[in-house]
2 protein chains.
Amino acid sequence: METALDRALRVFRERGYHATSIGDLTAAMRLATGSVYKAFADKHAVFMAAFERYTALRQEQTRNAAARGENGRERLRQVLLSYVEHSQGIEGRRGCLVVGSAVELSAVDPVVAARVSAQLKTNESFIAGLIREGQADGSIPGHVEVDATARLMICITQGLRVVGKARLPLDGDRLVAIAMKLLA
Amino acid sequence: METALDRALRVFRERGYHATSIGDLTAAMRLATGSVYKAFADKHAVFMAAFERYTALRQEQTRNAAARGENGRERLRQVLLSYVEHSQGIEGRRGCLVVGSAVELSAVDPVVAARVSAQLKTNESFIAGLIREGQADGSIPGHVEVDATARLMICITQGLRVVGKARLPLDGDRLVAIAMKLLA
DNA sequence: CATAATAGGGAACAATCGTTTCCGAATAAA
DNA sequence: TTTATTCGGAAACGATTGTTCCCTATTATG
């Protein structure tokens, strides 16, 4: 059973912050405006709650994907495959709230800008951790520059979401196979 | 001397479509609303004109960057360096109108969605062309999968713009050196 | 049973939006 | 010189926005 916030999250993912009206939110959440304002201070607060909900969900999904690998390299490969999977089809077209927020709000909303920046760093730390794990277990060579490679992989993941939102097809197996060259 | 459309473009890049009001546009363009509506049918038409202006500028910049290389591989390296350069500092924070439009408008504006998709494919074809050129002149190995690598590189370029907009620092030399592993 | 609290709803409100209309000044043409 | 056209401007307009206020129904409490 989906909560009202989950439904709000879906609208924000698809349309972004500014193109989503209170009317859109109340329709999606199946609540009246008075009820929304009893639960949340304002529209921005609904958005921030949706953002936190989204990042919690996605981090869990990413951890689950990593858990499918048996060494650092394989965990990272599963994470990348998971990103491609979430970047295409209906899920891909809905979009990523982190990417959407970075692009739409970074310049005009310091609160969101700070939150987005922190989230990208968290995701990057996770990937850097997998690279280090791979170097420790021998599945990734020691000469791979951890931080810069993690930064580049974050660029790939965010770019996947943009390209997926623009509806260009993404062949996960091929793209990830090539991306793994970065760990050579 | 900057034209009114160039100034409108700057506002759209930074704030996007929905967060830019007609008042923002008239202030930036230094024209009154009546003048804007004499020159353009509506707000959407201003946006489309700005989008065309932007893609023309960026394509020229990318061609100029490629021209700095002497073989396919080196041209591609210069293109990637150029993307990183445009993804950081003030220029990076302003944002990319293609990425912005993909994320903000793909779901709600079929005209923009089609235009964004076409532009990404154009950029990708350009990169694929450089890879093929590199394979022809021997600077890139023949086993590199052209289409999938070009698609992945498009993801990198769009991701760079997102990460740059979110103000994470990007070290062009290091990132591009690692990205070139994709051509090994 | 009466009162208070809670929950959900929707209209009212002031502000802002995008677009249209109309004005005045300057320039061109007859 | 008069009239028409062009140009730039800004207010008016209807619609939509986000938020506040107040209503009704239900449930809890004394």
# chains A, B, ... in the order shown; residues from 1 in each chain; ligands from 1
call {"tool": "interface_residues", "arguments": {"of": "chain B", "to": "chain D", "cutoff": "8 Å", "atoms": "only C-alpha atoms (C1' of nucleotides)", "output": "PyMOL selection string"}}
result
chain B and resi 31-35
call {"tool": "write_last_selection", "arguments": {"atoms": "N, CA, C and O atoms", "output": "mmCIF file, in the first residue's frame"}}
result
data_model
loop_
_atom_site.group_PDB
_atom_site.id
_atom_site.type_symbol
_atom_site.label_atom_id
_atom_site.label_comp_id
_atom_site.auth_asym_id
_atom_site.auth_seq_id
_atom_site.Cartn_x
_atom_site.Cartn_y
_atom_site.Cartn_z
ATOM 1 N N LEU B 31 14.001 44.277 -22.538
ATOM 2 C CA LEU B 31 12.874 44.620 -23.390
ATOM 3 C C LEU B 31 11.608 44.582 -22.546
ATOM 4 O O LEU B 31 11.574 43.922 -21.509
ATOM 5 N N ALA B 32 10.559 45.266 -22.999
ATOM 6 C CA ALA B 32 9.279 45.182 -22.307
ATOM 7 C C ALA B 32 8.512 43.966 -22.812
ATOM 8 O O ALA B 32 8.821 43.406 -23.872
ATOM 9 N N THR B 33 7.474 43.591 -22.037
ATOM 10 C CA THR B 33 6.733 42.376 -22.419
ATOM 11 C C THR B 33 6.125 42.516 -23.814
ATOM 12 O O THR B 33 6.145 41.559 -24.588
ATOM 13 N N GLY B 34 5.616 43.688 -24.140
ATOM 14 C CA GLY B 34 5.048 43.883 -25.468
ATOM 15 C C GLY B 34 6.068 43.628 -26.568
ATOM 16 O O GLY B 34 5.751 43.048 -27.604
ATOM 17 N N SER B 35 7.307 44.053 -26.311
ATOM 18 C CA SER B 35 8.368 43.852 -27.312
ATOM 19 C C SER B 35 8.722 42.388 -27.482
ATOM 20 O O SER B 35 8.936 41.916 -28.594
#
call {"tool": "closest_atom_pairs", "arguments": {"of": "chain B", "to": "chain A", "cutoff": "8 Å", "atoms": "only C-alpha atoms", "output": "Markdown table"}}
result
| residue | atom | partner | partner_atom | distance |
| --- | --- | --- | --- | --- |
| B:Glu14 | CA | A:Ala107 | CA | 6.3 |
| B:Arg15 | CA | A:Glu104 | CA | 6.5 |
| B:Gly16 | CA | A:Glu104 | CA | 6.3 |
| B:His18 | CA | A:His18 | CA | 6.0 |
| B:Ala19 | CA | A:His18 | CA | 6.2 |
| B:Arg93 | CA | A:Ala107 | CA | 7.2 |
| B:Arg94 | CA | A:Ala107 | CA | 7.6 |
| B:Gly95 | CA | A:Val103 | CA | 7.3 |
| B:Val99 | CA | A:Val162 | CA | 6.7 |
| B:Gly100 | CA | A:Val103 | CA | 5.8 |
| B:Ala102 | CA | A:Ala166 | CA | 5.4 |
| B:Val103 | CA | A:Gly100 | CA | 5.8 |
| B:Glu104 | CA | A:Gly16 | CA | 6.3 |
| B:Leu105 | CA | A:Arg15 | CA | 7.5 |
| B:Ser106 | CA | A:Ala166 | CA | 6.1 |
| B:Ala107 | CA | A:Glu14 | CA | 6.3 |
| B:Val108 | CA | A:Arg15 | CA | 6.9 |
| B:Ala113 | CA | A:Ala166 | CA | 6.6 |
| B:Val116 | CA | A:Ala166 | CA | 6.8 |
| B:Ser117 | CA | A:Ala166 | CA | 5.7 |
| B:Leu120 | CA | A:Val163 | CA | 8.0 |
| B:Ala148 | CA | A:Leu175 | CA | 6.0 |
| B:Thr149 | CA | A:Ile178 | CA | 6.8 |
| B:Arg151 | CA | A:Leu175 | CA | 7.7 |
| B:Leu152 | CA | A:Leu175 | CA | 6.2 |
| B:Ile154 | CA | A:Gly159 | CA | 7.5 |
| B:Cys155 | CA | A:Gly159 | CA | 4.1 |
| B:Ile156 | CA | A:Ile156 | CA | 4.8 |
| B:Thr157 | CA | A:Gly159 | CA | 7.0 |
| B:Gln158 | CA | A:Gly159 | CA | 4.8 |
| B:Gly159 | CA | A:Gly159 | CA | 3.7 |
| B:Leu160 | CA | A:Cys155 | CA | 5.3 |
| B:Val162 | CA | A:Val103 | CA | 6.2 |
| B:Val163 | CA | A:Cys155 | CA | 6.5 |
| B:Lys165 | CA | A:Val103 | CA | 6.5 |
| B:Ala166 | CA | A:Ala102 | CA | 5.4 |
| B:Arg167 | CA | A:Ser117 | CA | 7.1 |
| B:Leu168 | CA | A:Ser117 | CA | 6.9 |
| B:Arg174 | CA | A:Ala148 | CA | 6.6 |
| B:Leu175 | CA | A:Ala148 | CA | 6.0 |
| B:Ile178 | CA | A:Leu182 | CA | 6.5 |
| B:Ala179 | CA | A:Leu182 | CA | 6.9 |
| B:Lys181 | CA | A:Leu182 | CA | 5.7 |
| B:Leu182 | CA | A:Lys181 | CA | 5.7 |
| B:Ala184 | CA | A:Lys181 | CA | 7.8 |
call {"tool": "closest_residue", "arguments": {"among": "B:Leu5, B:Ala50, B:Met29, B:Val36", "to": "chain C", "atoms": "only C-alpha atoms (C1' of nucleotides)"}}
result
B:Val36
call {"tool": "closest_residue", "arguments": {"among": "C:DC13, C:DT20, C:DA25, C:DT6", "to": "chain B", "atoms": "only C-alpha atoms (C1' of nucleotides)"}}
result
C:DT20
call {"tool": "closest_atom_pairs", "arguments": {"of": "chain C", "to": "chain A", "cutoff": "9 Å", "atoms": "only C-alpha atoms (C1' of nucleotides)", "output": "Markdown table"}}
result
| residue | atom | partner | partner_atom | distance |
| --- | --- | --- | --- | --- |
| C:DA7 | C1' | A:Ser35 | CA | 8.2 |
| C:DG8 | C1' | A:Ser35 | CA | 6.2 |
| C:DG9 | C1' | A:Ala32 | CA | 5.7 |
| C:DG10 | C1' | A:Ala32 | CA | 7.2 |
